[in-house]
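A.B. asks: Take this structure, written in structure tokens, and hold onto it; I'll ask about it next.
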There are 6 protein chains.
Amino acid sequence: MPTIFFYGPRLDKEKSKEMIKDFTETASQVTGIERSAFVVYLRESKPENVGVGGELLEDKLKGT
Amino acid sequence: MPTIFFYGPRLDKEKSKEMIKDFTETASQVTGIERSAFVVYLRESKPENVGVGGELLEDKLKGT
Amino acid sequence: MPTIFFYGPRLDKEKSKEMIKDFTETASQVTGIERSAFVVYLRESKPENVGVGGELLEDKLKGT
Amino acid sequence: MPTIFFYGPRLDKEKSKEMIKDFTETASQVTGIERSAFVVYLRESKPENVGVGGELLEDKLKGT
Amino acid sequence: MPTIFFYGPRLDKEKSKEMIKDFTETASQVTGIERSAFVVYLRESKPENVGVGGELLEDKLKGT
Amino acid sequence: MPTIFFYGPRLDKEKSKEMIKDFTETASQVTGIERSAFVVYLRESKPENVGVGGELLEDKLKGT
């Protein structure tokens with residue numbers, strides 16, 4: 001039943017699969033809980049909805 | 001002020017209303033807090049952004 | 001795989017069981033997904049760590 | 001490293017910037033942690049996916 | 001109904017009140033939604049349960 | 001700025017470090033974002049506060 005949330009950039013299908021596979025393997029190994037019990041949520045965060053250090057990430061990425 | 005988050009499939013309007021009504025009734029009854037204090041967030045999770053047992057849910061649903 | 005988070009007061013064991021059972025039944029019925037796929041997290045929120053309307057809930061409950 | 005999540009209505013760019021700037025300033029001042037360590041996530045919640053007091057917010061806003 | 005979650009260090013009562021008051025004022029002003037609709041959750045994160053840049057925050061703070 | 005939340009059992013210090021290190025490495029590699037930008041929160045969930053398939057995890061683990 002452990003659950004992992006990832007808030008970050010949008011990932012294509014190959015990268016999503018890799019992230020989910022690796023997170024689940026790590027978490028299963030570290031906790032000793034079988035892989036089938038893990039759920040991973042990839043929650044996309046667009047740079048226009050994230051702030052880092054008080055500034056919009058969208059602006060920071062543009063070097064504004 | 002209690003708050004409920006539901007991460008799951010997209011629901012149409014009738015199902016959203018039913019989920020919100022029933023969650024709120026249950027939670028109000030169990031806690032003894034008035035219904036008006038509850039907020040429910042339905043957070044859609046697409047099968048392409050969820051991993052179960054290390055695999056992409058999108059692939060599991062397709063039987064891939 | 002749907003996941004439900006409840007942020008609210010501490011519940012004793014009987015109430016926790018009731019909340020989990022009812023949430024799961026509602027969610028399973030509304031979505032058509034089997035009950036075994038649902039995970040519910042009861043996340044306790046103490047009144048000293050919650051704000052409602054700009055005030056500490058702890059103070060509101062005391063009528064301060 | 002502190003992290004702030006805001007679940008609420010969609011904000012235009014100017015309002016997003018203001019929210020992020022003010023949240024970060026407040027949180028930095030109150031905690032004494034430098035501003036660069038704070039991340040703010042603005043998570044949009046549409047009225048069709050929120051329940052308040054057991055009713056869909058979308059319906060409440062329409063006065064239905 | 002907007003909801004704010006703050007994941008960060010433990011705050012004493014005065015600081016909790018200040019954080020809640022200021023977050024709520026900012027959010028109410030930016031969104032135009034009345035203050036009474038806002039809920040703020042202060043979720044304590046101990047340095048032994050946080051990782052920054054791949055390292056335990058507890059170790060980073062000790063300069064280890 | 002990506003952020004990872006892990007809801008699961010309590011981990012000792014060595015396991016916490018391993019989880020944080022591996023999650024960060026995976027996420028950095030998959031996204032191409034530098035490791036220093038990642039924050040990981042390990043959020044403990046006690047079996048008395050988790051429901052799986054409508055039952056309390058505490059009871060399931062006991063075979064009740």
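Identifiers in the structure tokens: chain A, B, ... in order shown; residue index from 1 per chain; ligand index from 1 in order shown.
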Pick out the residues sitting within 12 Å of stretch 54-63 of chain E, and hand them over as JSON, numbers by chain; count only C-alpha atoms, and ignore anything fewer than 6 positions along from it in its own chain.
C.D. replies: {"D": [1, 2], "E": [8, 9, 45, 46, 47, 48], "F": [3, 4, 12, 13, 14, 15, 16, 17, 18, 19, 20, 21, 22, 23, 24, 25, 26, 27, 28, 34, 35, 36, 37, 38, 39, 40, 41, 42]}
A.B. asks: Include C-alpha atoms and write out the residues we just selected as a PDB file, in the first residue's frame.
C.D. replies:
```
ATOM      1  CA  MET D   1      13.338  22.887   1.360  1.00  0.00           C
ATOM      2  CA  PRO D   2       9.952  23.825   2.784  1.00  0.00           C
TER       3      PRO D   2
ATOM      4  CA  GLY E   8       8.314  22.557   6.843  1.00  0.00           C
ATOM      5  CA  PRO E   9       9.861  22.807  10.298  1.00  0.00           C
ATOM      6  CA  SER E  45       8.606  17.691   8.507  1.00  0.00           C
ATOM      7  CA  LYS E  46      11.458  16.555  10.710  1.00  0.00           C
ATOM      8  CA  PRO E  47      14.980  16.803   9.226  1.00  0.00           C
ATOM      9  CA  GLU E  48      15.282  13.035   9.624  1.00  0.00           C
TER      10      GLU E  48
ATOM     11  CA  THR F   3       9.243  17.091  -5.074  1.00  0.00           C
ATOM     12  CA  ILE F   4       8.650  13.469  -4.085  1.00  0.00           C
ATOM     13  CA  ASP F  12      15.375   3.770  10.172  1.00  0.00           C
ATOM     14  CA  LYS F  13      18.114   6.232   9.318  1.00  0.00           C
ATOM     15  CA  GLU F  14      20.079   3.972   6.982  1.00  0.00           C
ATOM     16  CA  LYS F  15      16.977   3.050   5.000  1.00  0.00           C
ATOM     17  CA  SER F  16      15.813   6.661   4.871  1.00  0.00           C
ATOM     18  CA  LYS F  17      19.162   7.683   3.416  1.00  0.00           C
ATOM     19  CA  GLU F  18      19.066   4.896   0.851  1.00  0.00           C
ATOM     20  CA  MET F  19      15.513   5.737  -0.221  1.00  0.00           C
ATOM     21  CA  ILE F  20      16.298   9.440  -0.565  1.00  0.00           C
ATOM     22  CA  LYS F  21      19.537   8.808  -2.459  1.00  0.00           C
ATOM     23  CA  ASP F  22      18.025   6.333  -4.903  1.00  0.00           C
ATOM     24  CA  PHE F  23      14.805   8.287  -5.539  1.00  0.00           C
ATOM     25  CA  THR F  24      16.843  11.413  -6.214  1.00  0.00           C
ATOM     26  CA  GLU F  25      19.252   9.646  -8.540  1.00  0.00           C
ATOM     27  CA  THR F  26      16.450   8.025 -10.510  1.00  0.00           C
ATOM     28  CA  ALA F  27      14.464  11.236 -10.773  1.00  0.00           C
ATOM     29  CA  SER F  28      17.486  13.313 -11.718  1.00  0.00           C
ATOM     30  CA  GLU F  34      20.308  18.366 -11.370  1.00  0.00           C
ATOM     31  CA  ARG F  35      20.095  16.404  -8.119  1.00  0.00           C
ATOM     32  CA  SER F  36      20.338  19.484  -5.912  1.00  0.00           C
ATOM     33  CA  ALA F  37      16.865  20.567  -7.051  1.00  0.00           C
ATOM     34  CA  PHE F  38      15.045  17.547  -5.614  1.00  0.00           C
ATOM     35  CA  VAL F  39      13.290  17.371  -2.280  1.00  0.00           C
ATOM     36  CA  VAL F  40      12.007  14.071  -0.878  1.00  0.00           C
ATOM     37  CA  TYR F  41       9.530  13.841   1.991  1.00  0.00           C
ATOM     38  CA  LEU F  42       9.218  10.550   3.850  1.00  0.00           C
TER      39      LEU F  42
END
```
A.B. asks: Considering only strand (DSSP E) as DSSP defines it on the backbone, what residues of stretch 5-38 of chain C qualify? List them as a ChimeraX atom specification.
C.D. replies: /C:5-8
A.B. asks: For the selection just defined, write its residues with all heavy atoms to a file, as a PDB file, in the first residue's frame.
C.D. replies:
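What follows is the written file result-v3.pdb:
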```pdb
ATOM      1  N   PHE C   5      -7.118  10.469   0.750  1.00  0.00           N
ATOM      2  CA  PHE C   5      -6.478  11.040   1.933  1.00  0.00           C
ATOM      3  C   PHE C   5      -7.530  11.795   2.734  1.00  0.00           C
ATOM      4  O   PHE C   5      -8.265  12.613   2.180  1.00  0.00           O
ATOM      5  CB  PHE C   5      -5.372  12.034   1.537  1.00  0.00           C
ATOM      6  CG  PHE C   5      -4.126  11.382   1.023  1.00  0.00           C
ATOM      7  CD1 PHE C   5      -4.052  10.930  -0.281  1.00  0.00           C
ATOM      8  CD2 PHE C   5      -3.020  11.216   1.844  1.00  0.00           C
ATOM      9  CE1 PHE C   5      -2.899  10.323  -0.764  1.00  0.00           C
ATOM     10  CE2 PHE C   5      -1.860  10.611   1.369  1.00  0.00           C
ATOM     11  CZ  PHE C   5      -1.802  10.153   0.067  1.00  0.00           C
ATOM     12  N   PHE C   6      -7.562  11.537   4.026  1.00  0.00           N
ATOM     13  CA  PHE C   6      -8.458  12.271   4.919  1.00  0.00           C
ATOM     14  C   PHE C   6      -7.614  13.057   5.912  1.00  0.00           C
ATOM     15  O   PHE C   6      -6.878  12.468   6.708  1.00  0.00           O
ATOM     16  CB  PHE C   6      -9.376  11.298   5.666  1.00  0.00           C
ATOM     17  CG  PHE C   6     -10.232  11.960   6.711  1.00  0.00           C
ATOM     18  CD1 PHE C   6     -11.359  12.679   6.340  1.00  0.00           C
ATOM     19  CD2 PHE C   6      -9.914  11.887   8.059  1.00  0.00           C
ATOM     20  CE1 PHE C   6     -12.156  13.306   7.295  1.00  0.00           C
ATOM     21  CE2 PHE C   6     -10.709  12.517   9.021  1.00  0.00           C
ATOM     22  CZ  PHE C   6     -11.825  13.220   8.632  1.00  0.00           C
ATOM     23  N   TYR C   7      -7.687  14.387   5.861  1.00  0.00           N
ATOM     24  CA  TYR C   7      -7.010  15.248   6.832  1.00  0.00           C
ATOM     25  C   TYR C   7      -8.063  15.732   7.819  1.00  0.00           C
ATOM     26  O   TYR C   7      -8.955  16.502   7.445  1.00  0.00           O
ATOM     27  CB  TYR C   7      -6.360  16.449   6.129  1.00  0.00           C
ATOM     28  CG  TYR C   7      -5.217  16.058   5.233  1.00  0.00           C
ATOM     29  CD1 TYR C   7      -5.435  15.717   3.908  1.00  0.00           C
ATOM     30  CD2 TYR C   7      -3.914  16.001   5.723  1.00  0.00           C
ATOM     31  CE1 TYR C   7      -4.389  15.327   3.090  1.00  0.00           C
ATOM     32  CE2 TYR C   7      -2.853  15.609   4.906  1.00  0.00           C
ATOM     33  CZ  TYR C   7      -3.100  15.277   3.599  1.00  0.00           C
ATOM     34  OH  TYR C   7      -2.060  14.883   2.786  1.00  0.00           O
ATOM     35  N   GLY C   8      -7.974  15.274   9.066  1.00  0.00           N
ATOM     36  CA  GLY C   8      -8.979  15.669  10.040  1.00  0.00           C
ATOM     37  C   GLY C   8      -8.562  15.256  11.431  1.00  0.00           C
ATOM     38  O   GLY C   8      -7.397  14.948  11.672  1.00  0.00           O
TER      39      GLY C   8
END
```
A.B. asks: Output, as a short mmCIF file (atom, residue, chain, number, x, y, z; two decimals) with C-alpha atoms, in the first residue's frame, the coordinates of chain D following least-squares superposition onto chain C across all in-order C-alpha pairs.
C.D. replies:
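As written to disk, superposed_31.cif reads:
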```cif
data_model
loop_
_atom_site.label_atom_id
_atom_site.label_comp_id
_atom_site.auth_asym_id
_atom_site.auth_seq_id
_atom_site.Cartn_x
_atom_site.Cartn_y
_atom_site.Cartn_z
CA MET D 1 -5.19 1.97 -7.24
CA PRO D 2 -7.33 4.96 -6.31
CA THR D 3 -6.12 6.64 -3.17
CA ILE D 4 -8.04 8.68 -0.60
CA PHE D 5 -6.47 11.05 1.93
CA PHE D 6 -8.46 12.28 4.92
CA TYR D 7 -7.02 15.25 6.83
CA GLY D 8 -8.99 15.68 10.03
CA PRO D 9 -9.18 14.96 13.75
CA ARG D 10 -7.70 11.87 15.36
CA LEU D 11 -10.10 8.92 15.26
CA ASP D 12 -10.22 5.94 17.58
CA LYS D 13 -9.95 2.45 16.10
CA GLU D 14 -13.68 1.84 15.66
CA LYS D 15 -14.19 5.16 13.90
CA SER D 16 -11.11 4.63 11.72
CA LYS D 17 -12.49 1.28 10.60
CA GLU D 18 -15.89 2.76 9.86
CA MET D 19 -14.42 5.65 7.87
CA ILE D 20 -12.18 3.34 5.83
CA LYS D 21 -14.97 0.84 5.16
CA ASP D 22 -17.51 3.46 4.10
CA PHE D 23 -15.12 5.52 1.96
CA THR D 24 -13.99 2.38 0.17
CA GLU D 25 -17.52 1.16 -0.43
CA THR D 26 -18.65 4.52 -1.77
CA ALA D 27 -15.62 4.91 -4.00
CA SER D 28 -15.82 1.36 -5.30
CA GLN D 29 -19.49 1.69 -6.09
CA VAL D 30 -19.17 5.07 -7.81
CA THR D 31 -16.12 4.14 -9.90
CA GLY D 32 -16.89 0.47 -10.55
CA ILE D 33 -13.37 -0.44 -9.43
CA GLU D 34 -13.02 -3.41 -7.06
CA ARG D 35 -12.63 -2.59 -3.36
CA SER D 36 -9.26 -4.30 -3.04
CA ALA D 37 -7.67 -1.57 -5.20
CA PHE D 38 -8.41 1.29 -2.78
CA VAL D 39 -6.03 2.70 -0.23
CA VAL D 40 -7.20 5.20 2.41
CA TYR D 41 -4.82 7.33 4.47
CA LEU D 42 -6.13 8.91 7.66
CA ARG D 43 -3.81 11.86 8.26
CA GLU D 44 -4.35 13.40 11.68
CA SER D 45 -4.43 17.19 11.91
CA LYS D 46 -4.14 18.67 15.37
CA PRO D 47 -6.05 21.92 16.01
CA GLU D 48 -2.72 23.59 16.78
CA ASN D 49 -1.60 22.96 13.19
CA VAL D 50 -4.70 24.02 11.30
CA GLY D 51 -5.91 27.46 10.35
CA VAL D 52 -9.49 28.28 9.43
CA GLY D 53 -10.39 31.73 8.14
CA GLY D 54 -6.94 33.01 9.13
CA GLU D 55 -7.16 31.88 12.76
CA LEU D 56 -5.68 28.93 14.54
CA LEU D 57 -8.33 26.20 14.88
CA GLU D 58 -7.09 25.58 18.42
CA ASP D 59 -8.11 29.12 19.35
CA LYS D 60 -11.41 28.98 17.52
CA LEU D 61 -12.42 25.79 19.32
CA LYS D 62 -11.65 27.45 22.66
CA GLY D 63 -13.82 30.38 21.70
CA THR D 64 -10.80 32.63 22.05
#
```
